[in-house]
Amino acid sequence: MTGRDERYEYLSLTVAPREKIAEARTRVKEHAEYGKWELMRSAVLYGGARRYVLRRRIMRVDRTL
């Protein structure tokens with residue numbers, strides 16, 4: 001992907017075609033819930049594999065000292 005936004009970091013999950021959709025959905029939900037990721041894009045690839053692209057905002061912390 002080109003032209004990514006500097007305010008976000010990205011995570012790409014690829015799921016094998018033999019894996020059940022419910023298992024893939026559970027993995028995406030766990031990342032979203034515990035890692036504060038949000039689903040940006042999903043795609044079905046040739047051969048039946050699925051790719052999920054998640055993103056989250058980068059938290060910049062300023063020093064207080």
# chains A, B, ... in the order shown; residues from 1 in each chain; ligands from 1
>>> residues_around(residues="stretch 23-31 of chain A", least_positions_apart="2", cutoff="10 Å", atoms="only C-alpha atoms", output="list in words")
Leu11, Leu13, Thr14, Val15, Ala16, Glu19, Lys20, Ile21, Glu33, Tyr34, Gly35, Lys36, Trp37, Glu38, Leu39, Arg50, Arg51, Tyr52, Val53 and Leu54 of chain A
>>> select_by_dssp(residues="chain A", states="strand (DSSP E or B)", output="ChimeraX atom specification")
/A:8-15,38-44,50-57
>>> write_last_selection(atoms="N, CA and C atoms", output="mmCIF file, in the first residue's frame")
data_model
loop_
_atom_site.group_PDB
_atom_site.id
_atom_site.type_symbol
_atom_site.label_atom_id
_atom_site.label_comp_id
_atom_site.auth_asym_id
_atom_site.auth_seq_id
_atom_site.Cartn_x
_atom_site.Cartn_y
_atom_site.Cartn_z
ATOM 1 N N TYR A 8 -1.109 6.764 11.552
ATOM 2 C CA TYR A 8 -1.572 5.408 11.854
ATOM 3 C C TYR A 8 -0.462 4.389 11.667
ATOM 4 N N GLU A 9 -0.562 3.285 12.403
ATOM 5 C CA GLU A 9 0.274 2.125 12.130
ATOM 6 C C GLU A 9 -0.656 1.019 11.650
ATOM 7 N N TYR A 10 -0.130 0.117 10.849
ATOM 8 C CA TYR A 10 -0.954 -0.869 10.160
ATOM 9 C C TYR A 10 -0.524 -2.288 10.514
ATOM 10 N N LEU A 11 -1.491 -3.191 10.486
ATOM 11 C CA LEU A 11 -1.260 -4.608 10.733
ATOM 12 C C LEU A 11 -2.028 -5.389 9.681
ATOM 13 N N SER A 12 -1.352 -6.330 9.035
ATOM 14 C CA SER A 12 -1.982 -7.143 8.002
ATOM 15 C C SER A 12 -2.087 -8.579 8.501
ATOM 16 N N LEU A 13 -3.294 -9.106 8.522
ATOM 17 C CA LEU A 13 -3.540 -10.494 8.908
ATOM 18 C C LEU A 13 -3.974 -11.265 7.670
ATOM 19 N N THR A 14 -3.297 -12.360 7.383
ATOM 20 C CA THR A 14 -3.677 -13.216 6.264
ATOM 21 C C THR A 14 -4.170 -14.535 6.831
ATOM 22 N N VAL A 15 -5.329 -14.963 6.380
ATOM 23 C CA VAL A 15 -5.966 -16.180 6.879
ATOM 24 C C VAL A 15 -5.989 -17.213 5.756
ATOM 25 N N GLU A 38 -8.538 -1.135 14.499
ATOM 26 C CA GLU A 38 -9.824 -1.064 13.803
ATOM 27 C C GLU A 38 -9.643 -1.648 12.403
ATOM 28 N N LEU A 39 -10.678 -2.311 11.922
ATOM 29 C CA LEU A 39 -10.625 -2.932 10.609
ATOM 30 C C LEU A 39 -10.724 -1.860 9.540
ATOM 31 N N MET A 40 -9.710 -1.823 8.681
ATOM 32 C CA MET A 40 -9.690 -0.826 7.619
ATOM 33 C C MET A 40 -10.141 -1.434 6.296
ATOM 34 N N ARG A 41 -9.691 -2.659 6.010
ATOM 35 C CA ARG A 41 -9.999 -3.264 4.715
ATOM 36 C C ARG A 41 -9.949 -4.782 4.847
ATOM 37 N N SER A 42 -10.812 -5.450 4.118
ATOM 38 C CA SER A 42 -10.766 -6.907 4.034
ATOM 39 C C SER A 42 -10.877 -7.298 2.568
ATOM 40 N N ALA A 43 -10.220 -8.397 2.214
ATOM 41 C CA ALA A 43 -10.226 -8.837 0.820
ATOM 42 C C ALA A 43 -10.120 -10.348 0.768
ATOM 43 N N VAL A 44 -10.757 -10.929 -0.230
ATOM 44 C CA VAL A 44 -10.622 -12.350 -0.507
ATOM 45 C C VAL A 44 -9.619 -12.470 -1.643
ATOM 46 N N ARG A 50 -7.909 -15.044 2.848
ATOM 47 C CA ARG A 50 -8.484 -13.746 3.174
ATOM 48 C C ARG A 50 -7.425 -12.873 3.837
ATOM 49 N N ARG A 51 -7.435 -11.582 3.513
ATOM 50 C CA ARG A 51 -6.496 -10.647 4.132
ATOM 51 C C ARG A 51 -7.289 -9.538 4.793
ATOM 52 N N TYR A 52 -6.922 -9.253 6.031
ATOM 53 C CA TYR A 52 -7.544 -8.173 6.797
ATOM 54 C C TYR A 52 -6.455 -7.153 7.113
ATOM 55 N N VAL A 53 -6.722 -5.896 6.834
ATOM 56 C CA VAL A 53 -5.793 -4.819 7.158
ATOM 57 C C VAL A 53 -6.424 -4.007 8.278
ATOM 58 N N LEU A 54 -5.697 -3.928 9.395
ATOM 59 C CA LEU A 54 -6.172 -3.178 10.552
ATOM 60 C C LEU A 54 -5.263 -1.976 10.764
ATOM 61 N N ARG A 55 -5.789 -0.962 11.403
ATOM 62 C CA ARG A 55 -4.980 0.214 11.702
ATOM 63 C C ARG A 55 -5.323 0.729 13.082
ATOM 64 N N ARG A 56 -4.374 1.463 13.660
ATOM 65 C CA ARG A 56 -4.631 2.165 14.912
ATOM 66 C C ARG A 56 -3.817 3.446 14.924
ATOM 67 N N ARG A 57 -4.341 4.405 15.619
ATOM 68 C CA ARG A 57 -3.705 5.718 15.688
ATOM 69 C C ARG A 57 -2.451 5.616 16.551
#
>>> atom_distance(atom1="atom CA of A:Asp5", atom2="atom CA of A:Tyr46")
27.4 Å
>>> select_by_dssp(residues="chain A", states="alpha helix (DSSP H)", output="list in words")
Ile21, Ala22, Glu23, Ala24, Arg25, Thr26, Arg27, Val28, Lys29, Glu30, His31, Ala32, Glu33, Tyr34 and Gly35 of chain A
>>> residues_around(residues="A:Pro17", least_positions_apart="5", cutoff="9 Å", atoms="only C-alpha atoms", output="ChimeraX atom specification")
/A:47-50
